[in-house]
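Student: final-v8.txt (compact mmCIF, C-alpha atoms (C1' of nucleotides)) pasted underneath:
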```txt
# COMPACT_ATOMS: atom_id res chain seq x y z
CA MET A 17 8.48 16.98 -2.79
CA ILE A 18 7.88 15.49 -6.23
CA THR A 19 4.68 17.49 -6.71
CA LYS A 20 6.32 20.84 -6.09
CA ARG A 21 6.43 23.35 -8.88
CA GLY A 22 9.49 22.75 -11.03
CA THR A 23 10.43 19.31 -9.80
CA LEU A 24 8.95 17.56 -12.81
CA GLU A 25 10.70 19.99 -15.12
CA ILE A 26 14.01 19.35 -13.43
CA LEU A 27 13.70 15.60 -13.72
CA MET A 28 12.48 15.53 -17.31
CA PRO A 29 15.86 16.09 -18.99
CA LEU A 30 17.30 13.43 -16.70
CA CYS A 31 14.77 10.85 -17.83
CA CYS A 32 16.06 10.39 -21.31
CA ASN A 33 19.81 10.24 -20.94
CA THR A 34 22.20 9.15 -18.22
CA THR A 35 24.67 11.99 -18.64
CA PRO A 36 24.86 14.44 -15.75
CA VAL A 37 23.23 17.84 -16.12
CA ARG A 38 24.68 21.20 -15.16
CA TYR A 39 22.97 24.07 -13.42
CA GLN A 40 23.01 26.25 -16.51
CA THR A 41 21.45 23.47 -18.55
CA PHE A 42 18.55 23.28 -16.13
CA ARG A 43 18.16 27.04 -16.33
CA ASN A 44 17.98 26.95 -20.10
CA SER A 45 15.42 24.16 -20.14
CA MET A 46 13.31 25.84 -17.49
CA LYS A 47 12.05 29.10 -18.86
CA GLY A 48 9.66 30.63 -16.43
CA PHE A 49 11.61 29.61 -13.34
CA SER A 50 13.95 31.84 -11.39
CA SER A 51 17.43 30.78 -10.32
CA LYS A 52 16.20 30.95 -6.75
CA THR A 53 13.41 28.46 -7.28
CA LEU A 54 15.68 26.17 -9.26
CA SER A 55 18.34 26.04 -6.57
CA ILE A 56 15.76 25.42 -3.86
CA ARG A 57 14.29 22.52 -5.83
CA LEU A 58 17.73 21.08 -6.59
CA LYS A 59 18.61 21.19 -2.91
CA GLU A 60 15.36 19.47 -1.99
CA LEU A 61 15.96 16.74 -4.54
CA GLU A 62 19.48 16.28 -3.28
CA GLN A 63 18.31 16.06 0.32
CA GLY A 64 15.54 13.73 -0.77
CA GLY A 65 18.10 11.36 -2.20
CA ILE A 66 16.97 11.83 -5.79
CA LEU A 67 19.98 13.69 -7.11
CA ASN A 68 23.68 13.68 -6.45
CA ARG A 69 25.48 16.99 -6.65
CA ARG A 70 29.12 16.98 -7.62
CA SER A 71 31.27 20.07 -7.95
CA TYR A 72 34.66 20.31 -9.58
CA ASN A 73 37.54 22.58 -8.64
CA GLU A 74 37.62 24.37 -11.93
CA ILE A 75 37.39 27.92 -13.09
CA PRO A 76 34.76 28.61 -14.24
CA LEU A 77 32.84 26.48 -11.79
CA ARG A 78 31.39 23.21 -12.91
CA VAL A 79 28.66 21.45 -10.96
CA GLU A 80 26.94 18.34 -12.19
CA TYR A 81 23.77 16.70 -11.05
CA ARG A 82 23.02 13.07 -11.67
CA LEU A 83 20.32 10.68 -10.59
CA THR A 84 20.79 8.35 -7.66
CA LYS A 85 19.44 4.80 -7.79
CA LYS A 86 16.33 6.07 -6.07
CA GLY A 87 16.11 8.87 -8.59
CA GLN A 88 16.48 6.51 -11.52
CA GLU A 89 13.63 4.41 -10.25
CA LEU A 90 11.55 7.53 -9.86
CA THR A 91 12.15 8.50 -13.46
CA GLU A 92 10.61 5.20 -14.52
CA SER A 93 7.35 6.45 -13.06
CA ILE A 94 7.85 9.83 -14.63
CA ILE A 95 8.51 8.34 -18.05
CA HIS A 96 5.27 6.39 -17.64
CA LEU A 97 3.55 9.64 -16.74
CA LEU A 98 5.06 11.52 -19.66
CA GLN A 99 3.79 8.84 -22.02
CA TRP A 100 0.32 9.32 -20.58
CA MET A 101 0.65 13.08 -21.09
CA LYS A 102 1.75 12.57 -24.67
CA ARG A 103 -1.03 10.11 -25.34
CA TRP A 104 -3.67 12.55 -24.14
CA SER A 105 -2.01 15.78 -25.15
CA SER A 106 -4.73 16.64 -27.64
CA THR A 107 -7.52 16.59 -25.05
CA MET B 7 -2.82 20.02 -12.94
CA ILE B 8 -1.64 16.67 -11.60
CA THR B 9 1.10 18.28 -9.53
CA LYS B 10 -1.22 20.63 -7.70
CA ARG B 11 -1.64 20.23 -3.97
CA GLY B 12 -4.33 17.67 -3.24
CA THR B 13 -4.65 16.09 -6.66
CA LEU B 14 -2.60 13.07 -5.73
CA GLU B 15 -4.59 12.64 -2.53
CA ILE B 16 -7.84 12.77 -4.48
CA LEU B 17 -6.74 10.16 -6.96
CA MET B 18 -5.25 7.75 -4.44
CA PRO B 19 -8.54 6.24 -3.19
CA LEU B 20 -9.59 5.85 -6.82
CA CYS B 21 -6.49 3.84 -7.66
CA CYS B 22 -7.40 0.76 -5.68
CA ASN B 23 -11.05 0.21 -6.43
CA THR B 24 -13.35 0.98 -9.29
CA THR B 25 -16.33 2.06 -7.20
CA PRO B 26 -17.26 5.73 -7.44
CA VAL B 27 -16.33 8.05 -4.60
CA ARG B 28 -18.51 10.66 -2.97
CA TYR B 29 -17.56 14.16 -1.92
CA GLN B 30 -17.80 13.36 1.78
CA THR B 31 -15.55 10.36 1.31
CA PHE B 32 -12.89 12.54 -0.22
CA ARG B 33 -13.25 14.95 2.68
CA ASN B 34 -12.76 12.20 5.22
CA SER B 35 -9.70 10.82 3.47
CA MET B 36 -8.20 14.27 3.06
CA LYS B 37 -7.52 15.68 6.47
CA GLY B 38 -5.68 18.95 6.13
CA PHE B 39 -7.61 20.12 3.09
CA SER B 40 -10.51 22.54 3.13
CA SER B 41 -13.75 21.95 1.30
CA LYS B 42 -12.87 24.87 -0.91
CA THR B 43 -9.60 23.38 -2.07
CA LEU B 44 -11.19 19.99 -2.58
CA SER B 45 -13.98 21.32 -4.76
CA ILE B 46 -11.55 23.39 -6.82
CA ARG B 47 -9.37 20.32 -7.41
CA LEU B 48 -12.37 18.16 -8.27
CA LYS B 49 -13.53 20.73 -10.78
CA GLU B 50 -10.09 20.89 -12.35
CA LEU B 51 -9.92 17.13 -12.63
CA GLU B 52 -13.35 17.04 -14.16
CA GLN B 53 -12.45 19.72 -16.67
CA GLY B 54 -9.19 17.93 -17.35
CA GLY B 55 -11.11 14.84 -18.32
CA ILE B 56 -9.81 12.76 -15.42
CA LEU B 57 -13.03 12.45 -13.47
CA ASN B 58 -16.70 12.18 -14.26
CA ARG B 59 -19.10 13.90 -11.90
CA ARG B 60 -22.57 12.47 -11.58
CA SER B 61 -25.26 13.85 -9.35
CA TYR B 62 -28.52 12.18 -8.37
CA ASN B 63 -31.85 13.81 -7.64
CA GLU B 64 -32.05 12.61 -4.10
CA ILE B 65 -32.44 14.17 -0.72
CA PRO B 66 -29.93 14.29 0.79
CA LEU B 67 -27.81 15.02 -2.24
CA ARG B 68 -25.65 12.33 -3.69
CA VAL B 69 -22.78 13.09 -6.03
CA GLU B 70 -20.37 10.49 -7.27
CA TYR B 71 -17.04 10.84 -8.94
CA ARG B 72 -15.50 8.13 -11.04
CA LEU B 73 -12.46 7.86 -13.28
CA THR B 74 -12.69 8.35 -16.99
CA LYS B 75 -10.64 6.19 -19.35
CA LYS B 76 -8.02 8.89 -19.33
CA GLY B 77 -8.15 8.95 -15.56
CA GLN B 78 -7.80 5.21 -15.28
CA GLU B 79 -4.69 5.30 -17.41
CA LEU B 80 -3.33 8.06 -15.24
CA THR B 81 -3.79 5.98 -12.12
CA GLU B 82 -1.53 3.34 -13.63
CA SER B 83 1.26 5.88 -13.45
CA ILE B 84 0.23 6.89 -9.97
CA ILE B 85 0.20 3.29 -8.75
CA HIS B 86 3.70 2.96 -10.17
CA LEU B 87 4.65 6.10 -8.30
CA LEU B 88 3.08 4.92 -5.04
CA GLN B 89 5.06 1.70 -5.27
CA TRP B 90 8.22 3.76 -5.61
CA MET B 91 7.19 5.81 -2.57
CA LYS B 92 6.54 2.66 -0.57
CA ARG B 93 9.82 1.10 -1.64
CA TRP B 94 11.79 4.14 -0.48
CA SER B 95 9.62 5.20 2.41
CA SER B 96 12.32 4.52 4.97
CA THR B 97 14.82 6.93 3.40
C1' DC C 25 -25.09 16.47 1.43
C1' DA C 26 -22.36 18.95 -1.61
C1' DG C 27 -20.81 22.53 -2.36
C1' DT C 28 -20.12 28.58 -2.61
C1' DA C 29 -19.01 33.18 -0.87
C1' DT C 30 -16.20 36.10 1.76
C1' DC C 31 -12.53 37.55 4.18
C1' DC C 32 -7.88 37.15 5.63
C1' DT C 33 -3.05 35.57 5.95
C1' DG C 34 1.33 33.15 4.99
C1' DT C 35 4.30 32.05 1.82
C1' DA C 36 6.00 30.82 -2.62
C1' DC C 37 8.02 33.03 -6.10
C1' DG C 38 10.03 36.61 -9.31
C1' DA C 39 13.20 40.48 -9.95
C1' DT C 40 17.32 42.32 -8.92
C1' DA C 41 21.71 42.68 -7.15
C1' DC C 42 25.56 40.47 -5.36
C1' DT C 43 29.62 36.71 -4.34
C1' DG C 44 33.30 32.91 -4.18
C1' DC D 9 29.50 29.55 -13.44
C1' DA D 10 26.63 28.44 -9.78
C1' DG D 11 24.56 29.97 -6.82
C1' DT D 12 22.80 33.39 -2.30
C1' DA D 13 20.50 37.66 -0.20
C1' DT D 14 16.95 40.89 -0.04
C1' DC D 15 12.68 42.85 -0.96
C1' DG D 16 8.02 43.11 -2.61
C1' DT D 17 3.74 41.00 -4.24
C1' DA D 18 0.25 37.85 -6.02
C1' DC D 19 -2.26 34.30 -4.92
C1' DA D 20 -3.14 29.77 -2.83
C1' DG D 21 -5.62 28.19 0.58
C1' DG D 22 -7.80 28.07 5.56
C1' DA D 23 -11.74 29.43 8.55
C1' DT D 24 -16.19 30.51 8.77
C1' DA D 25 -20.69 31.19 7.41
C1' DC D 26 -24.10 30.32 4.17
C1' DT D 27 -27.33 27.81 0.33
C1' DG D 28 -30.23 24.69 -2.86
```
What's the structure tokens form of this structure?

Tutor:
Amino acid sequence: MITKRGTLEILMPLCCNTTPVRYQTFRNSMKGFSSKTLSIRLKELEQGGILNRRSYNEIPLRVEYRLTKKGQELTESIIHLLQWMKRWSST
Amino acid sequence: MITKRGTLEILMPLCCNTTPVRYQTFRNSMKGFSSKTLSIRLKELEQGGILNRRSYNEIPLRVEYRLTKKGQELTESIIHLLQWMKRWSST
DNA sequence: CAGTATCCTGTACGATACTG
DNA sequence: CAGTATCGTACAGGATACTG
């Protein structure tokens, strides 16, 4: 699941801050991904217990995704990985 | 590169010990992957500076792969990730 | 042993249009 | 806004056979 295309990109903006992220925000930060792929990945991450999806009865719709405990612990690994990427980005 | 199918499986046996790994050993530890996919992934990892390939003038052929410095640092992240997987394997 | 070459197929994914 | 439905295609990757 975590090695699928797009998953890393979804989790990246969730690594740095604890505020929930909306669908549109993911879309904007994920150029090169279709809405279809994004929603599939989000659903997988939700079913995998990484993300919590919460929708509000508002017009226009508002849906927020936030990390679960499991997801937060995963981001620790991802942060570690991102540091490695940054460290070796020139090579 | 590191999220491609098979890459994680290639690096896993290199996480635990520092001894070089041979092609056939990868094959045996990677049921469900063809030789084609394996050699493509190995080449990518070599070109990405993760692995060093070293061949010996012997019959039968012997080729060994070992981690570079960059690769060793990457495995630190992967070990971290594997611990997370183990911790949450029941869910 | 350590790969390559070739052929073939499933599927992941984008583009587009649509909906509650 | 946050998705879903449909269609079409590129390409990842398996099976098999082959090579230095």

Student: Hey, what's within 10 Å of segment 40-46 of chain B if we count all atoms listed in the file and toss same-chain stuff fewer than 3 positions away? As a ChimeraX atom specification, please?

Tutor: /B:11-13,15-16,29-30,32-33,36-37,49-52 /C:26-28 /D:20-23

Student: Near chain A, meaning an atom within 8 Å, which residues of chain D appear when counting all atoms listed in the file? Write them as a list in words.

Tutor: DC9, DA10 and DG11 of chain D

Student: Can I have chain B aligned to chain A? Use a least-squares fit on all Cα atoms paired in order and write it out as an mmCIF file with C-alpha atoms, in the coordinates of the input.

Tutor:
```
data_model
loop_
_atom_site.group_PDB
_atom_site.id
_atom_site.type_symbol
_atom_site.label_atom_id
_atom_site.label_comp_id
_atom_site.auth_asym_id
_atom_site.auth_seq_id
_atom_site.Cartn_x
_atom_site.Cartn_y
_atom_site.Cartn_z
ATOM 1 C CA MET B 7 8.472 16.990 -2.836
ATOM 2 C CA ILE B 8 7.863 15.503 -6.276
ATOM 3 C CA THR B 9 4.678 17.505 -6.756
ATOM 4 C CA LYS B 10 6.304 20.852 -6.119
ATOM 5 C CA ARG B 11 6.448 23.367 -8.930
ATOM 6 C CA GLY B 12 9.515 22.749 -11.060
ATOM 7 C CA THR B 13 10.458 19.300 -9.833
ATOM 8 C CA LEU B 14 8.973 17.558 -12.824
ATOM 9 C CA GLU B 15 10.703 19.990 -15.165
ATOM 10 C CA ILE B 16 14.029 19.328 -13.466
ATOM 11 C CA LEU B 17 13.705 15.588 -13.745
ATOM 12 C CA MET B 18 12.497 15.512 -17.339
ATOM 13 C CA PRO B 19 15.892 16.085 -19.016
ATOM 14 C CA LEU B 20 17.330 13.419 -16.724
ATOM 15 C CA CYS B 21 14.783 10.853 -17.858
ATOM 16 C CA CYS B 22 16.100 10.432 -21.368
ATOM 17 C CA ASN B 23 19.840 10.269 -20.951
ATOM 18 C CA THR B 24 22.196 9.180 -18.244
ATOM 19 C CA THR B 25 24.695 12.010 -18.649
ATOM 20 C CA PRO B 26 24.894 14.452 -15.753
ATOM 21 C CA VAL B 27 23.262 17.848 -16.098
ATOM 22 C CA ARG B 28 24.719 21.193 -15.147
ATOM 23 C CA TYR B 29 22.998 24.072 -13.413
ATOM 24 C CA GLN B 30 23.049 26.265 -16.508
ATOM 25 C CA THR B 31 21.494 23.484 -18.542
ATOM 26 C CA PHE B 32 18.607 23.280 -16.135
ATOM 27 C CA ARG B 33 18.210 27.040 -16.350
ATOM 28 C CA ASN B 34 18.044 26.957 -20.121
ATOM 29 C CA SER B 35 15.496 24.159 -20.172
ATOM 30 C CA MET B 36 13.384 25.838 -17.519
ATOM 31 C CA LYS B 37 12.124 29.095 -18.892
ATOM 32 C CA GLY B 38 9.710 30.637 -16.445
ATOM 33 C CA PHE B 39 11.641 29.607 -13.356
ATOM 34 C CA SER B 40 13.985 31.826 -11.393
ATOM 35 C CA SER B 41 17.433 30.773 -10.299
ATOM 36 C CA LYS B 42 16.198 30.928 -6.744
ATOM 37 C CA THR B 43 13.412 28.440 -7.297
ATOM 38 C CA LEU B 44 15.685 26.154 -9.268
ATOM 39 C CA SER B 45 18.344 26.027 -6.582
ATOM 40 C CA ILE B 46 15.752 25.413 -3.873
ATOM 41 C CA ARG B 47 14.290 22.514 -5.869
ATOM 42 C CA LEU B 48 17.727 21.075 -6.595
ATOM 43 C CA LYS B 49 18.579 21.197 -2.919
ATOM 44 C CA GLU B 50 15.337 19.469 -2.011
ATOM 45 C CA LEU B 51 15.945 16.747 -4.554
ATOM 46 C CA GLU B 52 19.451 16.280 -3.287
ATOM 47 C CA GLN B 53 18.272 16.056 0.298
ATOM 48 C CA GLY B 54 15.510 13.718 -0.800
ATOM 49 C CA GLY B 55 18.088 11.366 -2.212
ATOM 50 C CA ILE B 56 16.965 11.821 -5.812
ATOM 51 C CA LEU B 57 19.988 13.679 -7.107
ATOM 52 C CA ASN B 58 23.696 13.676 -6.458
ATOM 53 C CA ARG B 59 25.476 17.006 -6.633
ATOM 54 C CA ARG B 60 29.117 16.997 -7.601
ATOM 55 C CA SER B 61 31.260 20.067 -7.909
ATOM 56 C CA TYR B 62 34.682 20.334 -9.520
ATOM 57 C CA ASN B 63 37.539 22.616 -8.566
ATOM 58 C CA GLU B 64 37.645 24.420 -11.844
ATOM 59 C CA ILE B 65 37.403 27.972 -13.000
ATOM 60 C CA PRO B 66 34.790 28.631 -14.155
ATOM 61 C CA LEU B 67 32.857 26.494 -11.725
ATOM 62 C CA ARG B 68 31.419 23.229 -12.856
ATOM 63 C CA VAL B 69 28.684 21.458 -10.939
ATOM 64 C CA GLU B 70 26.965 18.354 -12.169
ATOM 65 C CA TYR B 71 23.801 16.702 -11.046
ATOM 66 C CA ARG B 72 23.033 13.080 -11.694
ATOM 67 C CA LEU B 73 20.328 10.666 -10.605
ATOM 68 C CA THR B 74 20.798 8.357 -7.689
ATOM 69 C CA LYS B 75 19.446 4.808 -7.803
ATOM 70 C CA LYS B 76 16.351 6.074 -6.079
ATOM 71 C CA GLY B 77 16.117 8.863 -8.609
ATOM 72 C CA GLN B 78 16.494 6.522 -11.536
ATOM 73 C CA GLU B 79 13.639 4.411 -10.267
ATOM 74 C CA LEU B 80 11.562 7.526 -9.870
ATOM 75 C CA THR B 81 12.136 8.498 -13.476
ATOM 76 C CA GLU B 82 10.596 5.202 -14.537
ATOM 77 C CA SER B 83 7.352 6.444 -13.053
ATOM 78 C CA ILE B 84 7.834 9.835 -14.623
ATOM 79 C CA ILE B 85 8.466 8.342 -18.061
ATOM 80 C CA HIS B 86 5.249 6.387 -17.615
ATOM 81 C CA LEU B 87 3.524 9.620 -16.704
ATOM 82 C CA LEU B 88 4.989 11.513 -19.662
ATOM 83 C CA GLN B 89 3.719 8.816 -21.997
ATOM 84 C CA TRP B 90 0.258 9.290 -20.535
ATOM 85 C CA MET B 91 0.573 13.050 -21.050
ATOM 86 C CA LYS B 92 1.649 12.544 -24.647
ATOM 87 C CA ARG B 93 -1.141 10.073 -25.312
ATOM 88 C CA TRP B 94 -3.776 12.520 -24.071
ATOM 89 C CA SER B 95 -2.137 15.749 -25.106
ATOM 90 C CA SER B 96 -4.873 16.600 -27.575
ATOM 91 C CA THR B 97 -7.646 16.551 -24.962
#
```

Student: Once you count all atoms listed in the file, which residues of chain B turn out to be within 7 Å of chain A? Could you give them as JSON, numbers by chain?

Tutor: {"B": [9, 10, 80, 83, 86, 87, 90]}

Student: Between atom CA of Pro36 of chain A and atom CA of Met17 of chain A, what distance in Å does the model show, to one decimal?

Tutor: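 Separation of atom CA of Pro36 of chain A and atom CA of Met17 of chain A: 21.0 Å.
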
Student: What is the atom CA of Arg47 of chain B to atom CA of Met18 of chain B distance in Å?

Tutor: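 Straight-line distance from atom CA of Arg47 of chain B to atom CA of Met18 of chain B works out to 13.6 Å.
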
Student: Using all atoms listed in the file, what does the table of chain C residues within 12 Å of chain A look like, with each row giving the shortest atom pair and its distance in Å to one decimal, sorted by chain and ascending number, as a tab-separated table?

Tutor:
```
residue	atom	partner	partner_atom	distance
C:DA36	C1'	A:Thr53	CA	9.1
C:DC37	C1'	A:Thr53	CA	7.2
C:DG38	C1'	A:Ser50	CA	6.5
C:DA39	C1'	A:Ser50	CA	8.8
C:DT40	C1'	A:Ser50	CA	11.3
C:DG44	C1'	A:Leu77	CA	10.0
```
